[in-house]
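J.: I have a structure here, written as structure tokens, and I will follow up with some questions on it.
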Number of protein chains: 2
Amino acid sequence: MGVIRKTKSVEALLNEFNQGQEAISAKQLIEQLDSKFNKTTIYRVLDRLEEDGVLHSFLGKDGLKWYAKCNGCSASKHKDVHPHFQCLKCGKVDCLSINMPIPHIPNRKVEVSQILIQGLCEQCFV
Amino acid sequence: MGVIRKTKSVEALLNEFNQGQEAISAKQLIEQLDSKFNKTTIYRVLDRLEEDGVLHSFLGKDGLKWYAKCNGCSASKHKDVHPHFQCLKCGKVDCLSINMPIPHIPNRKVEVSQILIQGLCEQCFV
DNA sequence: AATATAATGCAACTAAGTTGCGATAACAAA
DNA sequence: TTTGTTATCGCAACTTAGTTGCATTATATT
């Protein structure tokens with residue numbers, strides 16, 4: 001079932017993410033690749049890449065969906081549980097490779113946690 | 001400027017939040033009060049209550065906007081920086097009164113942080 | 001080359017949230 | 001109480017990120 005095919009859109013998107021380590025929003029990818037691919041295609045390829053553990057996704061401060069490369073994820077399990085950082089000046093979003101332990105909460109079961117930190121990135125924090 | 005008026009919609013919304021400590025999504029409030037108020041009104045009243053430091057808002061796991069009562073906020077400063085919890089079974093969302101220190105990140109300035117923890121709430125975690 | 005089916009493009013749709021504007025209602029001052 | 005100012009409301013139309021259905025095309029397998 002569902003072997004991912006090496007199509008032009010897949011290549012193009014992977015290429016975008018291989019330009020750097022930054023996260024890229026679906027919106028930005030659609031604008032960027034507008035002349036080459038339909039937005040539906042882009043959404044679907046992103047879905048597939050996420051399912052396959054190539055990318056992971058999260059929501060930025062405005063509720064937009066962002067994607068970034070995975071490190072150590074597989075199709076069966078996304079191990080990437082790290083904070084994301086969104087720069088309030090330049091808008092850049094990336095993954096932070098720091099460990100943020102989620103405290104145990106009495107009488108509840110913690111399954112996932114999303115942490116979005118906002119502030120000034122290295123370039124903007126002079 | 002801008003003294004908030006005690007209108008019926010303001011009263012109705014405050015009343016909803018005084019039913020308990022849970023967070024309520026804008027969507028839910030609109031559905032709930034649909035017969036009494038226009039959705040535009042509800043969005044605007046929520047905005048005003050947030051500006052006045054009565055409510056604070058955050059995004060849930062699907063990017064929907066949620067509101068909850070503030071504790072110790074003022075119009076000038078929202079002091080409420082705490083994690084929020086969304087139950088994956090019953091959907092309930094609330095504020096956690098635990099302190100989560102944001103680690104210092106080298107060469108960046110941290111200004112805000114949003115933490116959303118998902119799992120099972122007290123009622124659903126049997 | 002033939003086949004099966006994954007992937008694409010297009011158009012139409014969904015849903016949360018926003019905007020403009022004329023009408024209405026709070027509230028303070030007379 | 002009445003009046004005047006202006007905050008607030010309701011409505012309709014809009015915006016925008018993301019989704020869906022379906023006919024067509026491309027990929028990979030035999």
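Ordering of the structure tokens sets the chain letters (A, B, ...), residue numbers begin anew at 1 in every chain, and ligands are numbered from 1 in the order given.
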Write out as a PyMOL selection string every residue belonging to chain C that has an atom at most 9 Å from any atom of chain A, counting only C-alpha atoms (C1' of nucleotides).

T.: chain C and resi 6-10

J.: Take the selection from the previous step and output its residues with C-alpha atoms (C1' of nucleotides), as an mmCIF file, in the first residue's frame.

T.:
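Result file is selection_37.cif:
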data_model
loop_
_atom_site.group_PDB
_atom_site.id
_atom_site.type_symbol
_atom_site.label_atom_id
_atom_site.label_comp_id
_atom_site.auth_asym_id
_atom_site.auth_seq_id
_atom_site.Cartn_x
_atom_site.Cartn_y
_atom_site.Cartn_z
ATOM 1 C "C1'" DA C 6 -0.833 6.594 -7.309
ATOM 2 C "C1'" DA C 7 -0.751 11.293 -8.228
ATOM 3 C "C1'" DT C 8 -2.307 15.584 -10.515
ATOM 4 C "C1'" DG C 9 -5.185 19.658 -11.909
ATOM 5 C "C1'" DC C 10 -9.243 21.920 -11.789
#

J.: Write out as JSON, numbers by chain the set of residues from chain B that DSSP, computed on the backbone, places in strand (DSSP E or B).

T.: {"B": [24, 25, 55, 56, 57, 58, 59, 65, 66, 67, 68, 69, 84, 85, 86, 87, 93, 94, 95, 109, 110, 111, 112, 113, 114, 115, 116, 117, 118, 119, 120]}

J.: Please dump the current selection as a short mmCIF file (atom, residue, chain, number, x, y, z; two decimals), in the first residue's frame; keep N, CA and C atoms.

T.:
data_model
loop_
_atom_site.label_atom_id
_atom_site.label_comp_id
_atom_site.auth_asym_id
_atom_site.auth_seq_id
_atom_site.Cartn_x
_atom_site.Cartn_y
_atom_site.Cartn_z
N ILE B 24 -13.40 28.14 26.45
CA ILE B 24 -14.48 27.96 25.48
C ILE B 24 -14.00 28.52 24.15
N SER B 25 -14.24 27.79 23.09
CA SER B 25 -13.81 28.27 21.78
C SER B 25 -14.81 29.27 21.23
N LEU B 55 -10.39 38.25 29.63
CA LEU B 55 -10.14 36.93 29.05
C LEU B 55 -8.75 36.91 28.42
N HIS B 56 -8.25 35.70 28.23
CA HIS B 56 -7.07 35.58 27.38
C HIS B 56 -7.37 34.52 26.33
N SER B 57 -6.64 34.56 25.24
CA SER B 57 -6.93 33.64 24.16
C SER B 57 -5.69 32.85 23.77
N PHE B 58 -5.93 31.75 23.11
CA PHE B 58 -4.85 30.91 22.62
C PHE B 58 -5.43 29.99 21.56
N LEU B 59 -4.56 29.31 20.84
CA LEU B 59 -5.03 28.42 19.78
C LEU B 59 -5.02 26.98 20.24
N LYS B 65 -9.60 29.25 17.87
CA LYS B 65 -9.30 30.19 18.94
C LYS B 65 -10.12 29.87 20.18
N TRP B 66 -9.44 29.76 21.29
CA TRP B 66 -10.08 29.48 22.56
C TRP B 66 -9.87 30.64 23.51
N TYR B 67 -10.85 30.81 24.39
CA TYR B 67 -10.78 31.88 25.38
C TYR B 67 -10.98 31.30 26.78
N ALA B 68 -10.29 31.91 27.73
CA ALA B 68 -10.50 31.52 29.13
C ALA B 68 -10.34 32.74 30.01
N LYS B 69 -10.88 32.65 31.20
CA LYS B 69 -10.78 33.74 32.15
C LYS B 69 -9.33 33.98 32.55
N HIS B 84 -1.77 25.22 28.34
CA HIS B 84 -3.17 24.85 28.21
C HIS B 84 -3.25 23.38 27.89
N PHE B 85 -4.36 22.81 28.28
CA PHE B 85 -4.52 21.37 28.12
C PHE B 85 -5.77 21.08 27.30
N GLN B 86 -5.62 20.23 26.31
CA GLN B 86 -6.79 19.85 25.49
C GLN B 86 -6.95 18.34 25.57
N CYS B 87 -8.12 17.93 26.00
CA CYS B 87 -8.38 16.50 26.15
C CYS B 87 -8.68 15.89 24.78
N VAL B 93 -10.99 21.84 27.11
CA VAL B 93 -9.75 22.62 27.15
C VAL B 93 -9.74 23.45 28.42
N ASP B 94 -8.61 23.45 29.10
CA ASP B 94 -8.50 24.33 30.26
C ASP B 94 -7.07 24.79 30.50
N CYS B 95 -6.93 25.67 31.46
CA CYS B 95 -5.63 26.21 31.79
C CYS B 95 -4.99 25.35 32.87
N LYS B 109 16.02 36.09 21.77
CA LYS B 109 15.24 36.70 22.84
C LYS B 109 13.85 36.07 22.86
N VAL B 110 13.51 35.51 23.98
CA VAL B 110 12.20 34.89 24.12
C VAL B 110 11.21 35.93 24.62
N GLU B 111 10.11 36.08 23.90
CA GLU B 111 9.12 37.06 24.34
C GLU B 111 7.81 36.42 24.78
N VAL B 112 7.35 35.45 24.03
CA VAL B 112 6.11 34.77 24.37
C VAL B 112 6.33 33.28 24.21
N SER B 113 5.56 32.51 24.92
CA SER B 113 5.58 31.09 24.62
C SER B 113 4.20 30.49 24.83
N GLN B 114 3.84 29.67 23.88
CA GLN B 114 2.54 28.99 23.95
C GLN B 114 2.79 27.52 24.12
N ILE B 115 2.18 26.97 25.12
CA ILE B 115 2.35 25.55 25.35
C ILE B 115 0.99 24.88 25.39
N LEU B 116 0.81 23.93 24.50
CA LEU B 116 -0.45 23.19 24.46
C LEU B 116 -0.16 21.71 24.70
N ILE B 117 -0.70 21.22 25.77
CA ILE B 117 -0.50 19.81 26.10
C ILE B 117 -1.78 19.07 25.78
N GLN B 118 -1.62 17.93 25.12
CA GLN B 118 -2.79 17.13 24.77
C GLN B 118 -2.71 15.77 25.43
N GLY B 119 -3.85 15.25 25.79
CA GLY B 119 -3.88 13.95 26.43
C GLY B 119 -5.25 13.67 26.99
N LEU B 120 -5.31 13.06 28.14
CA LEU B 120 -6.59 12.74 28.75
C LEU B 120 -6.77 13.55 30.03
#

J.: For chain D, which residue out of B:Gly20, B:Arg48, B:Glu31, B:Ala12 is the nearest one, using only C-alpha atoms (C1' of nucleotides)?

T.: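 Comparing B:Gly20, B:Arg48, B:Glu31, B:Ala12 against chain D, the winner is B:Arg48.
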
J.: Please report as a ChimeraX atom specification which residues of chain D come no farther than 10 Å from chain A, using only C-alpha atoms (C1' of nucleotides).

T.: /D:17-19,26-28

J.: From the set D:DT25, D:DT20, D:DT8, D:DT15, which residue has the shortest atom-to-atom contact distance to Ile42 in chain B, counting only C-alpha atoms (C1' of nucleotides)?

T.: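 Smallest separation from Ile42 in chain B among the options: D:DT8.
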
J.: Interatomic distance between CA of Val54 in chain B and CA of Asn15 in chain B?

T.: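 Pair CA of Val54 in chain B / CA of Asn15 in chain B returns 12.4 Å.
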
J.: Could you jot down the CA of Cys121 in chain A to CA of Asn71 in chain A separation for me, Å, one decimal place?

T.: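 According to the coordinates, CA of Cys121 in chain A and CA of Asn71 in chain A are separated by 21.3 Å.
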
J.: So how far away is CA of Asp47 in chain A from CA of Gln28 in chain A, in Å?

T.: 15.5 Å
